[in-house]
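Colleague: Sharing work37.txt, compact mmCIF, C-alpha atoms:
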# COMPACT_ATOMS: atom_id res chain seq x y z
CA MET A 256 14.88 -11.77 33.34
CA SER A 257 13.02 -15.04 33.59
CA GLU A 258 13.80 -17.89 31.21
CA LEU A 259 10.25 -17.85 29.81
CA LEU A 260 10.41 -14.12 29.08
CA HIS A 261 13.78 -14.61 27.40
CA LYS A 262 12.24 -17.26 25.14
CA ALA A 263 9.41 -14.87 24.24
CA LEU A 264 11.88 -12.10 23.39
CA ARG A 265 13.71 -14.44 21.00
CA TYR A 266 10.69 -16.11 19.45
CA ARG A 267 8.96 -12.83 18.62
CA TRP A 268 11.60 -12.14 15.96
CA LEU A 269 10.66 -15.32 14.12
CA ILE A 270 7.03 -14.17 14.20
CA PHE A 271 7.97 -10.70 13.01
CA TRP A 272 9.99 -11.86 10.01
CA VAL A 273 7.31 -14.32 8.90
CA LEU A 274 4.79 -11.47 8.97
CA ALA A 275 7.24 -9.05 7.35
CA ALA A 276 7.83 -11.52 4.50
CA SER A 277 4.06 -11.73 4.09
CA TYR A 278 3.87 -7.93 3.93
CA ILE A 279 6.31 -8.01 1.01
CA LEU A 280 3.67 -10.01 -0.86
CA VAL A 281 0.96 -7.46 0.01
CA TYR A 282 2.86 -4.66 -1.75
CA PHE A 283 3.94 -6.93 -4.58
CA HIS A 284 0.35 -7.89 -5.37
CA ARG A 285 -0.68 -4.23 -5.05
CA LEU A 286 1.73 -2.82 -7.65
CA CYS A 287 2.66 -5.73 -9.93
CA PRO A 288 0.23 -4.90 -12.79
CA ALA A 289 2.29 -1.85 -13.83
CA VAL A 290 5.14 -3.90 -15.31
CA VAL A 291 2.98 -6.53 -17.05
CA ALA A 292 0.02 -4.28 -17.95
CA VAL A 293 0.83 -4.20 -21.68
CA ASP A 294 1.16 -8.00 -21.81
CA MET A 295 -2.11 -8.47 -19.93
CA MET A 296 -3.90 -6.00 -22.18
CA HIS A 297 -2.83 -7.89 -25.31
CA ASP A 298 -3.44 -11.37 -23.92
CA LEU A 299 -6.85 -10.60 -22.37
CA GLN A 300 -7.90 -8.30 -25.23
CA ALA A 301 -8.68 -5.53 -22.76
CA GLY A 302 -9.02 -1.83 -23.44
CA GLY A 303 -7.72 0.89 -21.17
CA ALA A 304 -10.90 1.22 -19.10
CA MET A 305 -11.21 -2.55 -18.58
CA LEU A 306 -7.53 -2.90 -17.71
CA GLY A 307 -8.02 -0.09 -15.20
CA LEU A 308 -10.94 -2.01 -13.73
CA LEU A 309 -8.76 -5.13 -13.52
CA GLY A 310 -6.02 -3.23 -11.69
CA SER A 311 -8.45 -1.52 -9.33
CA ALA A 312 -10.24 -4.79 -8.49
CA TYR A 313 -7.56 -5.23 -5.80
CA PHE A 314 -8.48 -1.97 -4.08
CA TYR A 315 -12.26 -2.31 -3.66
CA PRO A 316 -12.21 -5.35 -1.34
CA TYR A 317 -9.05 -4.06 0.40
CA ALA A 318 -10.76 -0.79 1.30
CA ILE A 319 -14.03 -2.43 2.36
CA MET A 320 -12.30 -4.95 4.64
CA GLN A 321 -10.32 -2.48 6.77
CA LEU A 322 -12.88 -2.27 9.58
CA PRO A 323 -13.81 -5.99 9.55
CA ALA A 324 -10.07 -6.70 9.77
CA GLY A 325 -10.02 -5.43 13.34
CA LEU A 326 -13.16 -7.32 14.30
CA LEU A 327 -11.89 -10.60 12.82
CA SER A 328 -8.53 -10.15 14.52
CA ASP A 329 -10.31 -9.80 17.85
CA SER A 330 -12.72 -12.72 17.35
CA TRP A 331 -10.72 -15.25 15.28
CA GLY A 332 -7.27 -14.04 16.22
CA PRO A 333 -4.58 -12.73 13.84
CA ARG A 334 -3.06 -16.17 13.14
CA ARG A 335 -6.29 -17.73 11.89
CA THR A 336 -7.35 -14.57 10.05
CA ILE A 337 -4.11 -14.15 8.12
CA THR A 338 -3.82 -17.85 7.28
CA LEU A 339 -7.37 -18.10 5.93
CA PHE A 340 -7.25 -14.91 3.87
CA PHE A 341 -3.75 -15.53 2.50
CA THR A 342 -5.09 -18.87 1.26
CA LEU A 343 -7.77 -16.88 -0.57
CA ALA A 344 -5.02 -14.68 -2.03
CA PHE A 345 -3.25 -17.83 -3.27
CA ALA A 346 -6.46 -18.95 -5.02
CA GLY A 347 -6.92 -15.48 -6.51
CA SER A 348 -3.36 -15.28 -7.84
CA LEU A 349 -3.71 -18.77 -9.34
CA LEU A 350 -7.00 -17.81 -10.98
CA LEU A 351 -5.50 -14.59 -12.31
CA GLY A 352 -2.60 -16.46 -13.89
CA LEU A 353 -4.85 -19.09 -15.46
CA ALA A 354 -7.78 -16.81 -16.34
CA PRO A 355 -9.33 -17.70 -19.73
CA SER A 356 -10.99 -14.29 -19.99
CA LEU A 357 -10.91 -10.78 -18.59
CA LEU A 358 -13.87 -11.51 -16.31
CA TRP A 359 -12.06 -14.39 -14.61
CA ALA A 360 -8.93 -12.25 -14.30
CA ILE A 361 -10.97 -9.56 -12.53
CA ILE A 362 -12.43 -12.17 -10.16
CA GLY A 363 -8.92 -13.47 -9.44
CA ARG A 364 -7.58 -9.97 -8.78
CA THR A 365 -10.54 -9.29 -6.47
CA LEU A 366 -9.77 -12.43 -4.47
CA VAL A 367 -6.14 -11.31 -4.19
CA GLY A 368 -7.21 -7.92 -2.80
CA LEU A 369 -9.59 -9.60 -0.38
CA GLY A 370 -6.92 -12.06 0.77
CA VAL A 371 -4.09 -9.63 1.44
CA SER A 372 -6.40 -7.05 3.04
CA MET A 373 -6.20 -9.04 6.26
CA LEU A 374 -2.47 -8.70 6.90
CA PHE A 375 -1.74 -5.17 8.09
CA VAL A 376 -4.30 -4.74 10.90
CA PRO A 377 -3.83 -8.26 12.37
CA THR A 378 -0.05 -7.75 12.22
CA MET A 379 -0.40 -4.53 14.21
CA LYS A 380 -2.30 -6.51 16.84
CA VAL A 381 0.42 -9.19 16.98
CA LEU A 382 3.18 -6.58 17.31
CA ALA A 383 1.28 -4.90 20.14
CA GLU A 384 1.19 -8.22 22.01
CA TRP A 385 4.81 -9.24 21.44
CA PHE A 386 6.68 -5.91 21.56
CA ARG A 387 6.92 -3.17 24.16
CA VAL A 388 5.25 0.18 23.58
CA ARG A 389 8.56 1.95 22.98
CA GLU A 390 9.51 -0.69 20.40
CA PHE A 391 6.24 -0.54 18.48
CA ALA A 392 7.01 2.48 16.26
CA THR A 393 10.38 1.03 15.26
CA MET A 394 8.86 -2.32 14.33
CA THR A 395 6.12 -0.62 12.33
CA GLY A 396 8.76 1.37 10.44
CA ILE A 397 10.68 -1.81 9.60
CA LEU A 398 7.44 -3.41 8.43
CA MET A 399 6.76 -0.46 6.10
CA ALA A 400 10.28 -0.75 4.71
CA MET A 401 9.55 -4.39 3.89
CA GLY A 402 6.61 -3.10 1.87
CA GLY A 403 9.21 -1.17 -0.11
CA VAL A 404 10.98 -4.47 -0.81
CA GLY A 405 7.68 -5.75 -2.20
CA THR A 406 7.42 -2.69 -4.43
CA LEU A 407 10.96 -3.34 -5.64
CA ALA A 408 10.14 -6.98 -6.40
CA ALA A 409 7.12 -5.85 -8.43
CA ALA A 410 9.38 -3.82 -10.75
CA THR A 411 12.62 -5.15 -12.28
CA PRO A 412 12.47 -8.72 -10.88
CA LEU A 413 8.92 -9.20 -12.13
CA ALA A 414 9.85 -7.71 -15.50
CA LEU A 415 12.71 -10.18 -15.89
CA ILE A 416 10.73 -13.19 -14.65
CA SER A 417 7.69 -12.40 -16.80
CA THR A 418 9.96 -12.03 -19.83
CA MET A 419 11.27 -15.56 -19.21
CA ILE A 420 8.11 -17.43 -18.22
CA GLY A 421 5.30 -15.02 -19.13
CA TRP A 422 2.98 -12.99 -16.94
CA ARG A 423 0.60 -15.90 -16.37
CA PHE A 424 3.14 -18.30 -14.88
CA SER A 425 4.60 -15.40 -12.91
CA PHE A 426 1.28 -14.98 -11.08
CA VAL A 427 0.97 -18.73 -10.58
CA ALA A 428 4.45 -18.75 -9.00
CA VAL A 429 3.60 -15.78 -6.78
CA GLY A 430 0.41 -17.56 -5.73
CA ILE A 431 2.42 -20.60 -4.63
CA VAL A 432 4.71 -18.34 -2.58
CA THR A 433 1.61 -16.77 -1.01
CA LEU A 434 0.36 -20.22 0.01
CA LEU A 435 3.74 -21.12 1.50
CA LEU A 436 3.66 -17.95 3.59
CA ALA A 437 0.13 -18.80 4.78
CA ILE A 438 1.48 -22.16 5.95
CA LEU A 439 4.40 -20.47 7.74
CA VAL A 440 2.02 -18.09 9.49
CA TRP A 441 -0.06 -21.03 10.72
CA LEU A 442 2.99 -22.99 11.87
CA PHE A 443 4.97 -20.25 13.62
CA VAL A 444 2.87 -17.17 14.39
CA ARG A 445 1.06 -17.03 17.72
CA ASP A 446 -1.37 -14.28 18.64
CA ARG A 447 0.23 -13.62 22.02
CA PRO A 448 3.00 -15.06 24.20
CA ALA A 449 0.37 -16.54 26.52
CA ASP A 450 -0.55 -18.99 23.74
CA LEU A 451 2.82 -20.63 24.41
CA GLY A 452 2.63 -20.20 28.17
CA TRP A 453 5.06 -17.26 28.17
CA PRO A 454 4.75 -13.82 29.80
CA SER A 455 4.13 -10.84 27.53
CA PRO A 456 6.93 -8.26 27.01
CA SER A 457 4.21 -5.66 26.42
CA GLU A 458 2.56 -6.00 29.83
CA SER A 459 1.99 -2.72 31.59
CA SER A 460 1.32 -2.01 35.22
CA GLY A 461 -0.73 1.10 34.45
CA PRO A 462 -4.53 1.16 34.54
CA SER A 463 -6.29 0.04 31.37
CA PRO A 464 -8.04 2.89 29.52
CA GLN A 465 -11.81 2.84 29.41
CA ASN A 466 -13.05 0.79 26.47
CA ILE A 467 -14.92 2.57 23.66
CA GLY A 468 -17.28 0.48 21.51
CA LEU A 469 -16.86 0.19 17.75
CA TRP A 470 -19.94 2.21 16.82
CA GLU A 471 -19.20 4.94 19.35
CA GLY A 472 -15.61 5.08 18.08
CA MET A 473 -16.77 5.32 14.46
CA LYS A 474 -19.16 8.11 15.37
CA ARG A 475 -16.41 10.06 17.11
CA VAL A 476 -14.07 9.73 14.14
CA LEU A 477 -16.56 10.48 11.36
CA THR A 478 -18.14 13.46 13.13
CA TYR A 479 -14.81 15.08 14.03
CA PRO A 480 -14.15 17.85 11.45
CA ARG A 481 -10.35 17.51 11.67
CA PHE A 482 -10.57 13.92 10.40
CA TRP A 483 -11.76 14.88 6.94
CA PRO A 484 -8.75 16.89 5.70
CA VAL A 485 -6.60 13.83 6.49
CA ALA A 486 -9.04 11.51 4.70
CA ILE A 487 -9.17 13.77 1.63
CA TRP A 488 -5.39 14.03 1.62
CA PHE A 489 -5.06 10.24 1.72
CA PHE A 490 -7.59 9.79 -1.11
CA PHE A 491 -5.81 12.06 -3.59
CA ASP A 492 -2.22 11.47 -2.48
CA CYS A 493 -2.48 7.69 -2.79
CA GLY A 494 -4.69 8.00 -5.86
CA VAL A 495 -1.61 9.41 -7.61
CA PHE A 496 0.72 6.67 -6.36
CA PHE A 497 -1.56 3.72 -7.07
CA SER A 498 -2.58 5.04 -10.50
CA PHE A 499 0.94 5.67 -11.74
CA GLY A 500 3.03 3.23 -9.73
CA GLY A 501 0.40 0.51 -9.55
CA LEU A 502 -0.72 0.37 -13.20
CA TRP A 503 -0.19 3.11 -15.78
CA GLY A 504 3.46 3.99 -15.15
CA GLY A 505 4.67 0.88 -16.99
CA PRO A 506 2.62 1.37 -20.18
CA TYR A 507 3.54 5.08 -20.17
CA LEU A 508 7.27 4.39 -20.06
CA MET A 509 7.05 1.70 -22.75
CA GLN A 510 4.64 3.44 -25.10
CA VAL A 511 5.73 7.08 -24.84
CA TYR A 512 9.49 6.57 -24.39
CA GLY A 513 9.84 3.24 -26.21
CA LEU A 514 11.47 1.48 -23.27
CA THR A 515 11.59 -2.28 -22.90
CA LYS A 516 9.73 -3.97 -20.06
CA ALA A 517 13.02 -4.48 -18.20
CA GLN A 518 14.02 -0.81 -18.64
CA ALA A 519 10.61 0.34 -17.45
CA GLY A 520 10.94 -1.99 -14.46
CA GLN A 521 14.27 -0.42 -13.55
CA ILE A 522 12.74 3.06 -13.51
CA LEU A 523 9.66 1.91 -11.58
CA SER A 524 11.95 0.28 -9.02
CA MET A 525 12.81 3.79 -7.85
CA LEU A 526 9.34 3.86 -6.29
CA ALA A 527 10.58 1.19 -3.89
CA VAL A 528 13.87 2.99 -3.25
CA GLY A 529 11.92 6.12 -2.40
CA MET A 530 9.71 4.19 0.01
CA ILE A 531 12.64 2.52 1.76
CA VAL A 532 14.63 5.76 2.05
CA GLY A 533 11.66 8.01 2.70
CA SER A 534 10.00 6.18 5.59
CA PRO A 535 12.80 6.72 8.15
CA LEU A 536 13.78 10.08 6.61
CA LEU A 537 10.33 11.63 6.90
CA SER A 538 9.91 10.28 10.43
CA PHE A 539 13.26 11.85 11.40
CA LEU A 540 12.27 15.17 9.82
CA SER A 541 8.91 15.13 11.62
CA ASN A 542 10.30 14.24 15.05
CA ARG A 543 13.68 15.98 15.07
CA ILE A 544 13.84 18.79 12.50
CA PHE A 545 10.35 20.23 11.98
CA LYS A 546 9.10 18.88 15.34
CA GLY A 547 5.65 18.54 13.83
CA ARG A 548 3.52 16.47 11.47
CA LYS A 549 1.86 19.24 9.47
CA PRO A 550 5.03 20.89 8.06
CA VAL A 551 6.29 17.55 6.72
CA LEU A 552 2.94 16.77 5.13
CA ILE A 553 2.75 20.23 3.53
CA VAL A 554 6.28 20.09 2.12
CA SER A 555 5.78 16.55 0.86
CA SER A 556 2.46 17.44 -0.77
CA PHE A 557 4.03 20.45 -2.47
CA PHE A 558 6.75 18.26 -3.98
CA LEU A 559 4.11 15.78 -5.12
CA PHE A 560 2.20 18.62 -6.77
CA CYS A 561 5.38 19.64 -8.63
CA LEU A 562 6.04 16.06 -9.79
CA THR A 563 2.52 15.68 -11.16
CA ALA A 564 2.97 18.99 -12.98
CA LEU A 565 6.06 17.61 -14.72
CA LEU A 566 4.11 14.55 -15.86
CA ALA A 567 1.13 16.59 -17.03
CA PHE A 568 2.95 19.38 -18.89
CA TYR A 569 6.20 17.71 -19.99
CA THR A 570 4.77 14.26 -20.64
CA ASP A 571 7.11 13.30 -23.51
CA GLU A 572 9.96 15.75 -22.85
CA LEU A 573 11.54 14.23 -19.74
CA SER A 574 15.03 12.74 -19.73
CA HIS A 575 15.57 9.22 -18.48
CA PHE A 576 17.22 10.72 -15.41
CA GLY A 577 14.13 12.87 -14.91
CA LEU A 578 11.91 9.78 -15.08
CA TYR A 579 14.06 8.08 -12.43
CA CYS A 580 13.74 11.18 -10.23
CA ILE A 581 9.96 11.35 -10.64
CA CYS A 582 9.53 7.72 -9.58
CA PHE A 583 11.93 8.21 -6.68
CA GLY A 584 9.96 11.30 -5.65
CA PHE A 585 6.65 9.45 -5.86
CA GLY A 586 8.10 6.76 -3.60
CA ILE A 587 8.91 9.38 -0.95
CA PHE A 588 6.22 12.04 -1.30
CA SER A 589 3.24 9.90 -2.31
CA SER A 590 3.96 6.60 -0.53
CA ALA A 591 6.46 6.84 2.34
CA ILE A 592 4.69 9.97 3.57
CA VAL A 593 1.64 7.89 4.57
CA VAL A 594 3.56 6.90 7.72
CA ILE A 595 3.19 10.51 8.87
CA GLY A 596 -0.44 10.51 7.70
CA PHE A 597 -1.28 7.47 9.80
CA THR A 598 0.59 8.93 12.77
CA THR A 599 -1.43 12.14 12.45
CA THR A 600 -4.67 10.17 12.36
CA LYS A 601 -3.84 8.18 15.48
CA GLU A 602 -2.78 11.34 17.35
CA LEU A 603 -6.10 13.04 16.56
CA PHE A 604 -8.02 10.55 18.71
CA PRO A 605 -7.80 8.78 22.08
CA VAL A 606 -5.69 5.64 22.12
CA GLN A 607 -8.81 3.53 22.77
CA ILE A 608 -10.05 4.20 19.21
CA ALA A 609 -6.67 4.30 17.47
CA GLY A 610 -7.54 1.08 15.64
CA THR A 611 -10.94 2.39 14.57
CA SER A 612 -9.53 5.71 13.35
CA THR A 613 -6.72 3.97 11.46
CA GLY A 614 -9.12 1.48 9.91
CA LEU A 615 -11.48 4.25 8.78
CA VAL A 616 -8.79 6.47 7.29
CA ASN A 617 -7.18 3.45 5.63
CA ILE A 618 -10.29 3.13 3.45
CA PHE A 619 -9.47 6.36 1.62
CA PRO A 620 -6.06 5.60 0.03
CA PHE A 621 -7.42 2.39 -1.49
CA ALA A 622 -10.60 4.14 -2.56
CA GLY A 623 -8.32 6.55 -4.41
CA GLY A 624 -6.66 3.68 -6.25
CA ALA A 625 -10.06 2.13 -6.99
CA VAL A 626 -11.35 5.38 -8.53
CA PHE A 627 -8.37 6.71 -10.45
CA GLN A 628 -6.93 3.55 -12.00
CA PRO A 629 -10.04 2.91 -14.16
CA LEU A 630 -10.64 6.65 -14.68
CA LEU A 631 -7.19 7.07 -16.22
CA GLY A 632 -7.79 3.93 -18.30
CA TYR A 633 -11.06 5.38 -19.60
CA ILE A 634 -9.32 8.63 -20.56
CA LEU A 635 -6.53 6.78 -22.35
CA GLU A 636 -9.01 4.59 -24.24
CA SER A 637 -11.15 7.57 -25.22
CA HIS A 638 -8.20 9.10 -27.10
CA GLY A 639 -7.75 5.97 -29.20
CA ARG A 640 -4.65 3.93 -29.95
CA VAL A 641 -1.85 3.87 -32.49
CA GLU A 642 -0.72 0.30 -33.20
CA ASP A 643 -2.11 -0.94 -29.87
CA ALA A 644 -0.37 1.85 -27.95
CA PHE A 645 -2.24 4.66 -26.25
CA THR A 646 -1.62 8.11 -27.67
CA LEU A 647 0.50 10.89 -26.23
CA ALA A 648 -2.61 13.10 -26.06
CA GLY A 649 -4.29 10.42 -23.94
CA TYR A 650 -1.42 10.28 -21.48
CA LYS A 651 -1.34 14.09 -21.23
CA GLN A 652 -5.05 14.19 -20.35
CA ALA A 653 -4.71 11.30 -17.91
CA PHE A 654 -1.77 12.89 -16.13
CA LEU A 655 -3.67 16.18 -15.97
CA VAL A 656 -6.03 14.30 -13.63
CA LEU A 657 -3.05 13.36 -11.46
CA PHE A 658 -1.97 17.01 -11.48
CA VAL A 659 -5.40 17.99 -10.10
CA CYS A 660 -5.06 15.24 -7.50
CA GLY A 661 -1.67 16.65 -6.46
CA LEU A 662 -3.17 20.13 -6.15
CA ILE A 663 -6.08 18.94 -3.98
CA ALA A 664 -3.73 16.89 -1.77
CA PHE A 665 -1.57 20.00 -1.25
CA LEU A 666 -4.60 22.15 -0.37
CA ALA A 667 -5.84 19.48 2.05
CA SER A 668 -2.44 19.41 3.76
CA LEU A 669 -2.78 23.13 4.49
CA CYS A 670 -6.01 22.38 6.41
CA LEU A 671 -4.53 19.67 8.64
CA GLN A 672 -4.28 20.09 12.39
CA GLU A 673 -0.89 19.76 14.03
CA THR A 674 -1.00 16.72 16.31
CA LEU A 675 2.53 16.40 17.69
CA THR A 676 2.43 17.46 21.34
CA LYS A 677 5.15 19.93 22.19
CA GLU A 678 7.33 18.91 25.10
Transcribe the structure of this file into structure tokens.
Modeller:
Amino acid sequence: MSELLHKALRYRWLIFWVLAASYILVYFHRLCPAVVAVDMMHDLQAGGAMLGLLGSAYFYPYAIMQLPAGLLSDSWGPRRTITLFFTLAFAGSLLLGLAPSLLWAIIGRTLVGLGVSMLFVPTMKVLAEWFRVREFATMTGILMAMGGVGTLAAATPLALISTMIGWRFSFVAVGIVTLLLAILVWLFVRDRPADLGWPSPSESSGPSPQNIGLWEGMKRVLTYPRFWPVAIWFFFDCGVFFSFGGLWGGPYLMQVYGLTKAQAGQILSMLAVGMIVGSPLLSFLSNRIFKGRKPVLIVSSFFLFCLTALLAFYTDELSHFGLYCICFGFGIFSSAIVVIGFTTTKELFPVQIAGTSTGLVNIFPFAGGAVFQPLLGYILESHGRVEDAFTLAGYKQAFLVLFVCGLIAFLASLCLQETLTKE
């Protein structure tokens, strides 16, 4: 092994951990409103529908930017793209924390969603340049687990910090951390080993596959019938996770069960535990036990359907242990399972359009969050409040929507095509 290649193999780990730390912030920003939703609602004088709009303001720009993310990564390079957009996320988080009104808070949240939308796709490009093909899946799995750390940080730690310094200063502090990570990306991340004059560990001696243009790739994906069951599954599966775990789970636990913010944060932290445990577990089950993608997606979707049924029909009758189990289950069956969903999507299409297919399907989970967060808020608001708390009847109706989402996700999973090639 040459000295230059050895340097590249060592330096790539510094790049990976800088990007992994940044990915923690992506998930933190995504799910943090759940713990501080009640505080934000009081401080900004927002009703349920408007608070839902505030929470979902992250998802609209995130979904829209998935395809441009690949184009910007190719033209500007991942390093420049991530640095610029993370700086926007810093400005958005600062504006959110200092917002004098709900409108400014929504603008800040939108900037946050826009800023962090440019992390995942550029990071995939960097990993492809710095790691060998056989290492890529492992590195992606570790990256997803770091997202679980971000989910964990958005639960109990945020609850404790916001209790001490308030939700506003919490977002200001997170914004400063986001800016520091943008600086670290600029200082240490390089798009490819060649930027430092080093050989690439990912170099292959095989012939390069024929290039497929963006528009041709989009046409192939969108006109392929087997794509749409996956897209529908993503929309409703992640609609459940982002609606409950990303916003309304916190108010539900505090207003229906009378828990403190810290206690609610502890229960919501099981979402992160489920993600961290579920990502490698579901991959193992898919590759080694079921030897297929579809069985794992069907079983997972069935469990999600059962969990939403518990919320919808036993809304105020669950034990604290049951609430912990539901959040843990959501972490596995509504969040960690997306690793198998993305794998299925990539295996449906030629490798030349793997990025295009992933970018297109990645629109749907965030579209689900964008639709169902404000919809549930509207339902809660329409049932009125009792001493500034939403009513039990409102939560039952809202969670009935999640039950329907769970049912549709399960039915969509039955229509999926098996993509794992049998040896």
Colleague: Which is closer to Leu526 of chain A than all the others in A:Ile581, A:Ala486, A:Ile618, A:Leu451, using only C-alpha atoms?
Modeller: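 Closest to Leu526 of chain A, using only C-alpha atoms: A:Ile581.
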Colleague: Using only C-alpha atoms, what does the table of segment 405-476 of chain A residues within 12 Å of segment 273-290 of chain A look like, with each row giving the shortest atom pair and its distance in Å to one decimal, sorted by chain and ascending number, as a Markdown table?
Modeller:
| residue | atom | partner | partner_atom | distance |
| --- | --- | --- | --- | --- |
| A:Gly405 | CA | A:Ile279 | CA | 4.2 |
| A:Thr406 | CA | A:Phe283 | CA | 5.5 |
| A:Leu407 | CA | A:Phe283 | CA | 8.0 |
| A:Ala408 | CA | A:Phe283 | CA | 6.5 |
| A:Ala409 | CA | A:Cys287 | CA | 4.7 |
| A:Ala410 | CA | A:Val290 | CA | 6.2 |
| A:Thr411 | CA | A:Val290 | CA | 8.2 |
| A:Pro412 | CA | A:Val290 | CA | 9.8 |
| A:Leu413 | CA | A:Val290 | CA | 7.2 |
| A:Ala414 | CA | A:Val290 | CA | 6.1 |
| A:Leu415 | CA | A:Val290 | CA | 9.9 |
| A:Ile416 | CA | A:Val290 | CA | 10.9 |
| A:Ser417 | CA | A:Val290 | CA | 9.0 |
| A:Thr418 | CA | A:Val290 | CA | 10.5 |
| A:Gly421 | CA | A:Val290 | CA | 11.8 |
| A:Trp422 | CA | A:Val290 | CA | 9.5 |
| A:Arg423 | CA | A:Pro288 | CA | 11.6 |
| A:Ser425 | CA | A:Cys287 | CA | 10.3 |
| A:Phe426 | CA | A:His284 | CA | 9.2 |
| A:Ala428 | CA | A:Leu280 | CA | 12.0 |
| A:Val429 | CA | A:Leu280 | CA | 8.3 |
| A:Gly430 | CA | A:Leu280 | CA | 9.6 |
| A:Ile431 | CA | A:Leu280 | CA | 11.3 |
| A:Val432 | CA | A:Leu280 | CA | 8.6 |
| A:Thr433 | CA | A:Leu280 | CA | 7.1 |
| A:Leu434 | CA | A:Ser277 | CA | 10.1 |
| A:Leu435 | CA | A:Ser277 | CA | 9.7 |
| A:Leu436 | CA | A:Ser277 | CA | 6.3 |
| A:Ala437 | CA | A:Ser277 | CA | 8.1 |
| A:Ile438 | CA | A:Val273 | CA | 10.2 |
| A:Leu439 | CA | A:Val273 | CA | 6.9 |
| A:Val440 | CA | A:Val273 | CA | 6.5 |
| A:Trp441 | CA | A:Val273 | CA | 10.1 |
| A:Leu442 | CA | A:Val273 | CA | 10.1 |
| A:Phe443 | CA | A:Val273 | CA | 7.9 |
| A:Val444 | CA | A:Val273 | CA | 7.6 |
| A:Arg445 | CA | A:Leu274 | CA | 11.0 |
| A:Asp446 | CA | A:Leu274 | CA | 11.8 |
Colleague: What are the centre and the three edge lengths of an axis-aligned box that wraps all atoms of segment 265-278 of chain A in the file, given that 3 Å is added to every side, written as AutoDock Vina command-line options and rounded to one decimal in Å?
Modeller:
--center_x 8.8 --center_y -12.0 --center_z 12.5 --size_x 15.8 --size_y 14.2 --size_z 23.1
Colleague: Quick one: residues within 6 Å of Ala664 of chain A, all atoms listed in the file counted, chain neighbours fewer than 6 positions away excluded, as a list in words?
Modeller: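 Using all atoms listed in the file, the neighbours found are Trp488, Phe491 and Asp492 of chain A.
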Colleague: Would you mind listing, for every residue of segment 598-638 of chain A within 12 Å of segment 545-565 of chain A, the two atoms forming the shortest contact and the distance between them in Å to one decimal, using all atoms listed in the file, sorted by chain and ascending residue number, as a Markdown table?
Modeller:
| residue | atom | partner | partner_atom | distance |
| --- | --- | --- | --- | --- |
| A:Thr598 | CA | A:Arg548 | CA | 8.2 |
| A:Thr599 | CA | A:Arg548 | CA | 6.6 |
| A:Thr600 | CA | A:Arg548 | CA | 10.4 |
| A:Lys601 | CA | A:Arg548 | CA | 11.8 |
| A:Glu602 | CA | A:Arg548 | CA | 10.0 |
| A:Leu603 | CA | A:Arg548 | CA | 11.4 |
Colleague: Any idea what the distance is between atom CA of Leu578 of chain A and atom CA of Ala301 of chain A?
Modeller: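 Between atom CA of Leu578 of chain A and atom CA of Ala301 of chain A the gap is 26.8 Å.
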Colleague: Residues near Met399 of chain A, anyone? I mean within 9 Å using all atoms listed in the file, not counting same-chain ones fewer than 4 positions away, as a VMD selection string.
Modeller: chain A and resid 275 278 394 to 395 403 530 to 531 534 591 594
Colleague: If we count only C-alpha atoms, what is near Glu636 of chain A at a cut-off of 8 Å, once residues fewer than 6 positions away on the same chain are taken out, given as a ChimeraX atom specification?
Modeller: /A:302-304,645,649
Colleague: Excluding Ala318 of chain A and its own-chain neighbours fewer than 5 positions away, which residues fall within 9 Å of it when counting all atoms listed in the file? Please give them as a PDB file with C-alpha atoms, in the frame of the given file.
Modeller:
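Saved to out.pdb:
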ATOM      1  CA  TYR A 313      -7.560  -5.230  -5.800  1.00  0.00           C
ATOM      2  CA  GLY A 368      -7.210  -7.920  -2.800  1.00  0.00           C
ATOM      3  CA  SER A 372      -6.400  -7.050   3.040  1.00  0.00           C
ATOM      4  CA  ASN A 617      -7.180   3.450   5.630  1.00  0.00           C
ATOM      5  CA  ILE A 618     -10.290   3.130   3.450  1.00  0.00           C
ATOM      6  CA  PHE A 619      -9.470   6.360   1.620  1.00  0.00           C
ATOM      7  CA  PRO A 620      -6.060   5.600   0.030  1.00  0.00           C
ATOM      8  CA  PHE A 621      -7.420   2.390  -1.490  1.00  0.00           C
ATOM      9  CA  ALA A 622     -10.600   4.140  -2.560  1.00  0.00           C
ATOM     10  CA  ALA A 625     -10.060   2.130  -6.990  1.00  0.00           C
TER      11      ALA A 625
END
Colleague: Generate the coordinates of N, CA and C atoms for segment 592-597 of chain A; report them as a PDB file, keeping the file's coordinate frame.
Modeller:
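Printed below is result.pdb as written:
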ATOM      1  N   ILE A 592       5.293   8.925   2.751  1.00  0.00           N
ATOM      2  CA  ILE A 592       4.690   9.970   3.570  1.00  0.00           C
ATOM      3  C   ILE A 592       3.453   9.468   4.317  1.00  0.00           C
ATOM      4  N   VAL A 593       2.850   8.356   3.879  1.00  0.00           N
ATOM      5  CA  VAL A 593       1.640   7.890   4.570  1.00  0.00           C
ATOM      6  C   VAL A 593       1.934   7.487   6.005  1.00  0.00           C
ATOM      7  N   VAL A 594       3.199   7.187   6.328  1.00  0.00           N
ATOM      8  CA  VAL A 594       3.560   6.900   7.720  1.00  0.00           C
ATOM      9  C   VAL A 594       3.211   8.091   8.605  1.00  0.00           C
ATOM     10  N   ILE A 595       3.517   9.292   8.118  1.00  0.00           N
ATOM     11  CA  ILE A 595       3.190  10.510   8.870  1.00  0.00           C
ATOM     12  C   ILE A 595       1.676  10.725   8.868  1.00  0.00           C
ATOM     13  N   GLY A 596       1.008  10.376   7.765  1.00  0.00           N
ATOM     14  CA  GLY A 596      -0.440  10.510   7.700  1.00  0.00           C
ATOM     15  C   GLY A 596      -1.139   9.624   8.712  1.00  0.00           C
ATOM     16  N   PHE A 597      -0.677   8.370   8.825  1.00  0.00           N
ATOM     17  CA  PHE A 597      -1.280   7.470   9.800  1.00  0.00           C
ATOM     18  C   PHE A 597      -0.975   7.925  11.234  1.00  0.00           C
TER      19      PHE A 597
END
